[in-house]
$ cat final.cif   # mmCIF, C-alpha atoms
data_run
loop_
_atom_site.label_atom_id
_atom_site.label_comp_id
_atom_site.auth_asym_id
_atom_site.auth_seq_id
_atom_site.Cartn_x
_atom_site.Cartn_y
_atom_site.Cartn_z
CA PRO A 1 65.19 116.80 92.43
CA GLN A 2 68.47 115.08 93.08
CA PRO A 3 71.55 116.78 91.50
CA LYS A 4 72.95 115.03 88.49
CA PRO A 5 75.91 112.89 89.57
CA GLU A 6 79.33 113.62 88.18
CA THR A 7 80.26 111.41 85.23
CA ARG A 8 82.94 111.54 82.59
CA GLN A 9 80.37 113.14 80.29
CA ASN A 10 79.72 116.15 82.53
CA ILE A 11 82.90 116.37 84.58
CA GLY A 12 83.97 119.56 82.79
CA ARG A 13 80.78 121.33 83.81
CA VAL A 14 81.13 120.12 87.40
CA SER A 15 84.77 121.19 87.58
CA GLY A 16 84.01 124.58 86.04
CA PHE A 17 81.11 125.20 88.42
CA GLY A 18 83.14 124.18 91.45
CA TRP A 19 86.10 126.35 90.51
CA GLY A 20 83.80 129.23 89.62
CA MET A 21 82.15 129.04 93.04
CA GLY A 22 85.62 129.41 94.52
CA TYR A 23 85.90 132.75 92.77
CA VAL A 24 82.47 133.73 94.09
CA GLY A 25 83.66 133.01 97.63
CA GLY A 26 86.77 135.07 96.97
CA ILE A 27 84.64 138.00 95.83
CA VAL A 28 82.56 137.96 99.01
CA LEU A 29 85.65 137.70 101.21
CA LEU A 30 87.48 140.52 99.42
CA LEU A 31 84.47 142.81 99.75
CA LEU A 32 84.16 142.03 103.45
CA LEU A 33 87.86 142.73 104.01
CA LEU A 34 87.58 146.02 102.15
CA VAL A 35 84.57 147.18 104.13
CA LEU A 36 85.63 145.93 107.55
CA PHE A 37 89.40 146.44 107.60
CA ILE A 38 90.88 148.29 104.64
CA GLN A 39 88.75 151.05 103.09
CA SER A 40 88.99 154.32 105.02
CA PHE A 41 85.69 155.87 106.03
CA GLY A 42 86.47 159.43 107.15
CA ASP A 43 89.56 158.67 109.23
CA PRO A 44 92.66 158.18 107.01
CA ASP A 45 94.53 156.52 109.89
CA ALA A 46 91.90 153.84 110.45
CA GLY A 47 90.71 151.09 108.16
CA GLY A 48 87.20 149.84 107.59
CA LEU A 49 83.98 150.10 109.49
CA LEU A 50 85.75 148.54 112.46
CA ALA A 51 88.10 151.56 112.50
CA VAL A 52 91.21 149.42 113.00
CA THR A 53 94.37 151.50 113.21
CA LYS A 54 96.70 151.34 110.23
CA GLU A 55 99.75 151.77 112.42
CA GLY A 56 102.15 148.91 111.82
CA GLY A 57 99.76 147.54 109.20
CA LEU A 58 97.48 146.20 111.93
CA ASN A 59 94.37 146.43 109.75
CA ILE A 60 96.05 144.33 107.04
CA ARG A 61 97.27 141.81 109.61
CA LEU A 62 93.75 141.42 110.94
CA ALA A 63 92.43 141.05 107.39
CA VAL A 64 94.81 138.14 106.88
CA LEU A 65 93.67 136.58 110.15
CA ALA A 66 90.05 137.01 109.10
CA SER A 67 90.85 135.20 105.85
CA ALA A 68 92.24 132.25 107.81
CA VAL A 69 89.09 132.12 109.96
CA TRP A 70 86.95 132.27 106.79
CA PHE A 71 88.86 129.30 105.38
CA GLY A 72 88.46 127.30 108.57
CA VAL A 73 84.75 127.97 108.97
CA PHE A 74 83.85 127.01 105.40
CA ALA A 75 86.00 123.89 105.56
CA ILE A 76 83.80 122.49 108.34
CA PRO A 77 80.80 121.58 106.09
CA VAL A 78 83.15 119.75 103.72
CA LEU A 79 84.70 117.78 106.53
CA LEU A 80 81.37 116.90 108.14
CA ARG A 81 78.87 116.57 105.30
CA VAL A 82 80.68 115.48 102.13
CA PRO A 83 80.56 111.67 101.97
CA GLU A 84 83.90 109.92 102.07
CA ILE A 85 84.98 107.40 99.46
CA PRO A 86 85.71 104.08 101.18
CA ALA A 87 89.43 103.76 101.77
CA GLN A 88 91.28 100.83 100.28
CA ARG A 89 93.20 98.60 102.63
CA ARG A 90 96.80 99.75 102.64
CA ARG A 91 98.93 96.86 101.53
CA VAL A 92 102.39 98.22 102.26
CA ARG A 93 103.52 100.78 104.79
CA VAL A 94 106.74 102.59 103.92
CA GLY A 95 108.98 105.04 105.72
CA PHE A 96 109.91 108.56 104.71
CA PHE A 97 112.95 107.72 102.59
CA ARG A 98 111.41 104.57 101.13
CA SER A 99 108.49 106.71 99.91
CA TYR A 100 110.79 108.35 97.36
CA ALA A 101 111.58 104.95 95.89
CA VAL A 102 107.84 104.28 95.69
CA LEU A 103 107.36 107.66 93.98
CA TRP A 104 110.05 106.82 91.43
CA GLY A 105 108.39 103.48 90.79
CA THR A 106 105.05 105.22 90.25
CA LEU A 107 106.59 107.60 87.71
CA ARG A 108 108.21 104.69 85.88
CA SER A 109 104.92 102.82 85.74
CA LEU A 110 103.18 105.91 84.34
CA TRP A 111 105.88 106.29 81.71
CA ARG A 112 105.40 102.67 80.72
CA ASP A 113 101.63 102.32 80.94
CA SER A 114 100.05 105.80 80.98
CA ARG A 115 102.56 108.09 79.31
CA PRO A 116 100.05 110.83 78.38
CA VAL A 117 99.19 111.21 82.08
CA LEU A 118 102.85 111.71 83.01
CA LEU A 119 103.43 114.16 80.16
CA PHE A 120 100.38 116.14 81.23
CA LEU A 121 101.58 116.24 84.84
CA ILE A 122 104.86 117.76 83.66
CA ALA A 123 103.22 120.27 81.31
CA SER A 124 100.60 121.32 83.83
CA ALA A 125 103.21 121.81 86.54
CA VAL A 126 104.92 124.36 84.32
CA PHE A 127 101.92 126.34 83.10
CA ARG A 128 100.22 126.26 86.52
CA ASP A 129 103.28 127.95 87.97
CA GLY A 130 102.83 130.59 85.29
CA LEU A 131 99.25 131.06 86.50
CA THR A 132 100.55 131.51 90.03
CA GLY A 133 102.88 134.17 88.67
CA VAL A 134 99.96 136.02 87.10
CA PHE A 135 98.23 136.25 90.49
CA THR A 136 101.34 136.97 92.54
CA PHE A 137 103.15 139.47 90.37
CA GLY A 138 100.15 141.06 88.69
CA ALA A 139 99.53 143.01 91.91
CA ILE A 140 103.17 144.10 92.00
CA ILE A 141 103.00 145.36 88.41
CA ALA A 142 99.72 147.14 89.13
CA ALA A 143 101.24 148.95 92.12
CA GLN A 144 104.72 149.76 90.83
CA VAL A 145 104.03 150.39 87.15
CA PHE A 146 100.47 151.72 87.14
CA GLY A 147 100.43 153.36 90.56
CA PHE A 148 97.62 151.35 92.15
CA THR A 149 97.13 151.78 95.89
CA SER A 150 96.55 148.69 98.03
CA THR A 151 92.83 149.47 98.06
CA GLN A 152 92.74 149.84 94.28
CA VAL A 153 94.54 146.51 93.94
CA LEU A 154 91.79 144.87 95.98
CA TYR A 155 89.08 146.51 93.87
CA PHE A 156 90.85 145.17 90.81
CA ALA A 157 91.02 141.72 92.43
CA VAL A 158 87.26 141.78 93.04
CA ALA A 159 86.58 142.67 89.40
CA ALA A 160 89.03 140.02 88.20
CA ASN A 161 87.33 137.38 90.37
CA VAL A 162 83.94 138.30 88.89
CA VAL A 163 85.28 137.90 85.35
CA ALA A 164 87.15 134.69 86.18
CA GLY A 165 84.18 133.12 87.94
CA ILE A 166 81.80 133.73 85.04
CA SER A 167 84.28 132.57 82.40
CA THR A 168 85.17 129.43 84.38
CA ILE A 169 81.57 128.31 84.76
CA PHE A 170 80.95 128.91 81.05
CA ALA A 171 84.19 127.16 80.07
CA GLY A 172 82.99 124.03 81.86
CA ARG A 173 80.36 123.59 79.15
CA LEU A 174 82.99 124.06 76.45
CA ASP A 175 85.12 121.48 78.23
CA ASP A 176 82.42 118.81 77.94
CA ARG A 177 81.66 119.71 74.34
CA PHE A 178 85.12 120.17 72.82
CA GLY A 179 87.42 118.50 75.32
CA PRO A 180 89.55 119.99 78.11
CA LYS A 181 92.78 120.11 76.12
CA ARG A 182 91.30 122.55 73.62
CA VAL A 183 90.05 124.75 76.45
CA ILE A 184 93.50 124.75 78.07
CA VAL A 185 95.34 125.48 74.81
CA ALA A 186 93.00 128.33 73.85
CA SER A 187 93.21 129.82 77.34
CA LEU A 188 97.01 129.62 77.46
CA ILE A 189 97.22 131.37 74.10
CA GLY A 190 94.89 134.05 75.43
CA LEU A 191 97.07 134.52 78.52
CA ILE A 192 100.25 134.79 76.45
CA VAL A 193 98.69 137.35 74.10
CA MET A 194 97.29 139.50 76.91
CA GLY A 195 100.60 139.31 78.76
CA GLY A 196 102.22 140.75 75.65
CA VAL A 197 99.59 143.48 75.50
CA ILE A 198 100.51 144.67 78.99
CA LEU A 199 104.06 145.21 77.76
CA VAL A 200 103.02 147.75 75.12
CA ILE A 201 100.26 149.80 76.76
CA GLY A 202 102.53 152.25 78.52
CA THR A 203 101.17 153.49 81.85
CA SER A 204 97.53 153.79 80.81
CA VAL A 205 95.43 152.68 83.77
CA PRO A 206 92.22 152.11 81.72
CA LEU A 207 94.10 149.90 79.28
CA PHE A 208 95.63 147.97 82.17
CA TRP A 209 92.14 147.35 83.54
CA ILE A 210 91.05 146.00 80.17
CA ALA A 211 94.14 143.83 79.70
CA GLY A 212 94.14 142.64 83.31
CA LEU A 213 90.49 141.64 83.29
CA SER A 214 91.05 139.92 79.95
CA LEU A 215 93.72 137.83 81.67
CA GLY A 216 91.07 136.87 84.20
CA LEU A 217 88.94 135.43 81.41
CA PHE A 218 91.51 132.71 80.79
CA VAL A 219 93.00 131.90 84.21
CA GLY A 220 90.01 130.02 85.66
CA PRO A 221 89.30 127.87 82.59
CA VAL A 222 92.91 126.62 82.58
CA GLN A 223 92.63 125.56 86.20
CA SER A 224 89.24 123.87 85.97
CA ALA A 225 89.94 122.17 82.63
CA SER A 226 93.28 120.87 83.90
CA ARG A 227 91.50 119.05 86.69
CA SER A 228 88.84 117.58 84.42
CA PHE A 229 91.51 116.59 81.86
CA LEU A 230 93.42 114.66 84.49
CA ALA A 231 90.26 113.11 85.93
CA ARG A 232 89.33 111.75 82.51
CA MET A 233 92.85 110.41 81.88
CA ALA A 234 93.62 108.92 85.29
CA PRO A 235 93.73 105.10 85.32
CA GLU A 236 90.70 103.70 87.11
CA GLY A 237 91.33 103.11 90.78
CA ARG A 238 94.39 105.38 90.84
CA GLU A 239 92.64 108.76 90.79
CA GLY A 240 93.74 109.74 94.32
CA GLU A 241 97.32 108.80 93.59
CA ILE A 242 97.36 110.74 90.31
CA PHE A 243 95.88 113.88 91.84
CA GLY A 244 98.44 113.62 94.63
CA LEU A 245 101.14 113.66 91.95
CA TYR A 246 99.33 116.60 90.33
CA ALA A 247 99.73 118.61 93.53
CA THR A 248 103.30 117.42 94.07
CA THR A 249 104.54 118.30 90.61
CA GLY A 250 103.05 121.77 90.95
CA ARG A 251 105.07 122.36 94.12
CA ALA A 252 108.22 120.91 92.55
CA VAL A 253 108.54 123.74 90.00
CA SER A 254 107.18 126.57 92.14
CA PHE A 255 110.50 128.40 91.81
CA LEU A 256 110.05 129.07 88.09
CA ALA A 257 107.73 132.09 88.18
CA PRO A 258 109.53 133.96 90.99
CA GLY A 259 112.91 133.11 89.51
CA LEU A 260 112.20 134.25 85.96
CA PHE A 261 110.25 137.32 87.10
CA ALA A 262 113.19 138.38 89.28
CA LEU A 263 115.66 137.59 86.48
CA PHE A 264 113.97 139.82 83.92
CA VAL A 265 113.46 142.63 86.43
CA GLY A 266 117.08 142.36 87.52
CA LEU A 267 118.43 142.37 83.96
CA THR A 268 116.30 145.30 82.78
CA GLY A 269 115.59 147.27 85.94
CA ASP A 270 111.95 147.51 84.80
CA THR A 271 109.26 145.81 86.89
CA ARG A 272 106.93 145.64 83.89
CA LEU A 273 109.35 143.45 81.96
CA GLY A 274 109.12 140.83 84.68
CA ILE A 275 105.97 139.71 82.90
CA LEU A 276 108.24 138.33 80.15
CA GLY A 277 109.30 135.65 82.61
CA ILE A 278 105.69 134.71 83.30
CA VAL A 279 104.85 134.65 79.58
CA ALA A 280 107.88 132.44 78.96
CA ILE A 281 106.65 129.92 81.55
CA LEU A 282 103.15 129.88 80.07
CA LEU A 283 104.61 129.38 76.59
CA ALA A 284 106.82 126.54 77.80
CA GLY A 285 103.82 124.87 79.41
CA LEU A 286 101.84 125.24 76.19
CA VAL A 287 104.64 123.67 74.14
CA LEU A 288 104.89 120.76 76.56
CA LEU A 289 101.11 120.27 76.47
CA LEU A 290 100.69 120.12 72.69
CA PRO A 291 102.13 116.58 72.23
CA VAL A 292 99.91 115.14 74.96
CA LYS A 293 97.34 112.93 73.30
CA ALA A 294 93.83 114.02 74.17
CA GLU A 295 91.88 111.02 72.90
CA ALA A 296 91.49 109.55 76.36
CA ALA A 297 90.29 112.87 77.70
CA VAL A 298 87.53 113.62 75.19
CA ILE A 299 84.21 111.82 75.40
CA ARG A 300 83.17 110.64 71.95
#
$ encode --input "final.cif" --output "structure tokens"
Amino acid sequence: PQPKPETRQNIGRVSGFGWGMGYVGGIVLLLLLLVLFIQSFGDPDAGGLLAVTKEGGLNIRLAVLASAVWFGVFAIPVLLRVPEIPAQRRRVRVGFFRSYAVLWGTLRSLWRDSRPVLLFLIASAVFRDGLTGVFTFGAIIAAQVFGFTSTQVLYFAVAANVVAGISTIFAGRLDDRFGPKRVIVASLIGLIVMGGVILVIGTSVPLFWIAGLSLGLFVGPVQSASRSFLARMAPEGREGEIFGLYATTGRAVSFLAPGLFALFVGLTGDTRLGILGIVAILLAGLVLLLPVKAEAAVIR
């Protein structure tokens, strides 16, 4: 049977499944890196079944290279087999500097005609940077506060990907039923609460595993529901443009999580308290999201 085409009625399920499959791929890759390059098997100076020397971090360097090859190989089917949407004839060609004037005009038109879309782009840029902070600095907290080795961090990442993949696929169904904004709001609240839990659990490794994996429950649903929310709201015929802005706004505020994490660590001298900066970003994103009208994003 032919797969059911994506529509506005099932776009949440499609987005959740697609994002969840990304986590599945991450799980397989992490396990391969552990077995081939990182986990010691008898020789403490060599990593993985390939027995790559650890001198100068060579085994880790090769693991990074293997990740790049993995990315390239699995991009080939997308480039060759996924059908392309017919391109529209470009009416105006602009130079580099002129493109900023075009961008400003696009933002003004969104403010005038599709204000909820613009407000969501701003809110999502903020809370998505908080999500990036969870991934980036969670490993640092695990290592420096809870004493995880690099191998243990990877085992934790595998477990977190399993949890995130399952929750993201399930959240896609909730997205279609209740609307993506509710999924995002509930997930952001969950992230904020679990971030606070990590602050009060001391140095208990089992409790960190519980709290950290609980964070994984909410990260994927925010990401997949954000995409479906924007897809439902985007003006017809401007979807590519709007998703380009979605990527651009995310990059524009990418300094927030590193900046606030470093600020709290610098002020307190405690790596754990850096999570306050991440929680603050997630909370700010939640506050910015709440006024965004969801009527256009929920299928009645």
$ resolve_selection --input "final.cif" --expression "the PyMOL selection byres ((chain A and resi 212) around 12)" --output "ChimeraX atom specification"
/A:134-135,137-139,141-142,146,153,156-161,163-164,190-191,193-199,201,204-211,213-219
$ atom_distance --input "final.cif" --atom1 "atom CA of Gly25 of chain A" --atom2 "atom CA of Ser224 of chain A"
15.8 Å
$ resolve_selection --input "final.cif" --expression "the PyMOL selection byres ((chain A and resi 262) around 12)" --output "CSV table (one decimal) with C-alpha atoms, in the frame of the given file"
chain,number,residue,atom,x,y,z
A,133,GLY,CA,102.9,134.2,88.7
A,137,PHE,CA,103.2,139.5,90.4
A,140,ILE,CA,103.2,144.1,92.0
A,255,PHE,CA,110.5,128.4,91.8
A,256,LEU,CA,110.0,129.1,88.1
A,257,ALA,CA,107.7,132.1,88.2
A,258,PRO,CA,109.5,134.0,91.0
A,259,GLY,CA,112.9,133.1,89.5
A,260,LEU,CA,112.2,134.2,86.0
A,261,PHE,CA,110.2,137.3,87.1
A,263,LEU,CA,115.7,137.6,86.5
A,264,PHE,CA,114.0,139.8,83.9
A,265,VAL,CA,113.5,142.6,86.4
A,266,GLY,CA,117.1,142.4,87.5
A,267,LEU,CA,118.4,142.4,84.0
A,268,THR,CA,116.3,145.3,82.8
A,269,GLY,CA,115.6,147.3,85.9
A,270,ASP,CA,112.0,147.5,84.8
A,271,THR,CA,109.3,145.8,86.9
A,272,ARG,CA,106.9,145.6,83.9
A,273,LEU,CA,109.4,143.4,82.0
A,274,GLY,CA,109.1,140.8,84.7
A,275,ILE,CA,106.0,139.7,82.9
A,276,LEU,CA,108.2,138.3,80.2
A,277,GLY,CA,109.3,135.6,82.6
A,278,ILE,CA,105.7,134.7,83.3
$ atom_distance --input "final.cif" --atom1 "atom CA of Asp176 of chain A" --atom2 "atom CA of Ser15 of chain A"
10.2 Å
$ resolve_selection --input "final.cif" --expression "the PyMOL selection byres ((chain A and resi 244) around 12)" --output "compact mmCIF listing (two decimals) with C-alpha atoms, keeping the file's coordinate frame"
# COMPACT_ATOMS: atom_id res chain seq x y z
CA LEU A 103 107.36 107.66 93.98
CA THR A 106 105.05 105.22 90.25
CA LEU A 121 101.58 116.24 84.84
CA ARG A 227 91.50 119.05 86.69
CA LEU A 230 93.42 114.66 84.49
CA ALA A 231 90.26 113.11 85.93
CA ALA A 234 93.62 108.92 85.29
CA ARG A 238 94.39 105.38 90.84
CA GLU A 239 92.64 108.76 90.79
CA GLY A 240 93.74 109.74 94.32
CA GLU A 241 97.32 108.80 93.59
CA ILE A 242 97.36 110.74 90.31
CA PHE A 243 95.88 113.88 91.84
CA LEU A 245 101.14 113.66 91.95
CA TYR A 246 99.33 116.60 90.33
CA ALA A 247 99.73 118.61 93.53
CA THR A 248 103.30 117.42 94.07
CA THR A 249 104.54 118.30 90.61
CA GLY A 250 103.05 121.77 90.95
CA ARG A 251 105.07 122.36 94.12
$ atom_distance --input "final.cif" --atom1 "atom CA of Leu62 of chain A" --atom2 "atom CA of Ile38 of chain A"
9.8 Å
$ residues_around --input "final.cif" --residues "Val126 of chain A" --least-positions-apart "5" --cutoff "7 Å" --atoms "all atoms listed in the file" --output "list in words"
Val253, Ile281 and Gly285 of chain A
$ closest_residue --input "final.cif" --among "A:Trp111, A:Phe17, A:Phe127, A:Tyr23" --to "Leu188 of chain A" --atoms "all atoms listed in the file"
A:Phe127
$ closest_residue --input "final.cif" --among "A:Pro235, A:Gly48, A:Gly130, A:Gly72" --to "Leu110 of chain A" --atoms "only C-alpha atoms"
A:Pro235
$ closest_residue --input "final.cif" --among "A:Pro77, A:Pro86, A:Leu282, A:Gln144" --to "Gly237 of chain A" --atoms "only C-alpha atoms"
A:Pro86
